[in-house]
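Structure, as structure tokens:
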Amino acid sequence: MAAEAKQNDIPSSARVWESAVLNASVDKVWEAVREVTFKWASDVKSTDVNGDVSAVGGTRCVNYNDGMKQTLQIMEISDLRRSVTYSMVTSEPAVIYTSRTDQIQVREVTNPAENVKEQTFIEWTSDFSNDAKIAVIEDSRYKKKTAFKDMATYFAKK
């Protein structure tokens with residue numbers, strides 16, 4: 001037990017990468033992802049956009065169902081690559097790591113599964129500062145998998 005606790009305290013840089021294939025057009029998925037409002041997410045109560053929704057440097061105040069509030073700053077929006085990058089700048093309550101930068105990118109599946117009209121490949125990467133513990137990393141992995149399930153449900157209704 002002590003060895004496990006000690007391992008959780010070892011600092012290391014960490015990247016979480018998850019991906020999924022959604023049964024939706026790349027244009028619909030990109031439209032939803034690009035705004036960084038998480039309208040598909042079951043754990044998000046609301047998102048307040050500060051600044052132009054299409055502008056780099058703008059922020060999003062994400063209000064979660066559990067009462068947590070996080071402010072995200074948009075670092076990059078690329079319509080060419082269909083990717084968006086943002087960094088968390090504040091969190092209430094505070095998180096136990098120094099920084100986190102996320103990138104979500106969507107791509108068209110050019111050879112969709114049989115009997116499926118359109119599919120989109122989506123990948124979500126999070127880079128954490130070296131003070132993020134393994135529990136934070138695994139929680140991020142779990143939340144991405146949950147988000148992809150939420151997206152599948154969201155786009156099935158569209």
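Ordering of the structure tokens sets the chain letters (A, B, ...), residue numbers begin anew at 1 in every chain, and ligands are numbered from 1 in the order given.
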task: Find the residues near stretch 40-46 of chain A: any atom within 9 Å, counting only C-alpha atoms, skip ones fewer than 4 places away on the same chain, and give them as a list in words.
output: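 Non-adjacent residues within range: Ala32, Cys61, Val62, Asn63, Tyr64, Asn65, Asp66, Gly67, Thr146, Ala147, Phe148, Asp150, Met151, Ala152, Thr153, Tyr154 and Phe155 of chain A.
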Do you have, as a Markdown table, the list of residues of stretch 5-60 of chain A lying at most 12 Å from stretch 88-93 of chain A, each with its nearest atom pair and that distance in Å to one decimal, counting only C-alpha atoms and ordered by chain then number?
```
| residue | atom | partner | partner_atom | distance |
| --- | --- | --- | --- | --- |
| A:Gly57 | CA | A:Val89 | CA | 11.5 |
| A:Gly58 | CA | A:Val89 | CA | 11.6 |
| A:Thr59 | CA | A:Val89 | CA | 9.1 |
| A:Arg60 | CA | A:Met88 | CA | 9.4 |
```
field: Nearest residue to A:Val29 from the set A:Glu76, A:Glu108, A:Asp139, A:Glu114 (distances using only C-alpha atoms)
entry: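 Closest residue, counting only C-alpha atoms: A:Glu108.
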- request: Mind the document's chain letters and residue numbers, and return as a ChimeraX atom specification the residues of chain A that DSSP labels helix (DSSP H, G or I).
  value: /A:2-8,26-34,134-156
query: Which neighbours of A:Leu80 fall inside 12 Å, counting only C-alpha atoms, when residues of the same chain fewer than 5 positions from it are skipped, and could you give them as JSON, numbers by chain?
result: {"A": [27, 30, 34, 105, 106, 107]}
Closest of A:Ser126, A:Asn23, A:Thr98, A:Ser140 to A:Val84 - atom-to-atom distances counting only C-alpha atoms: A:Ser126
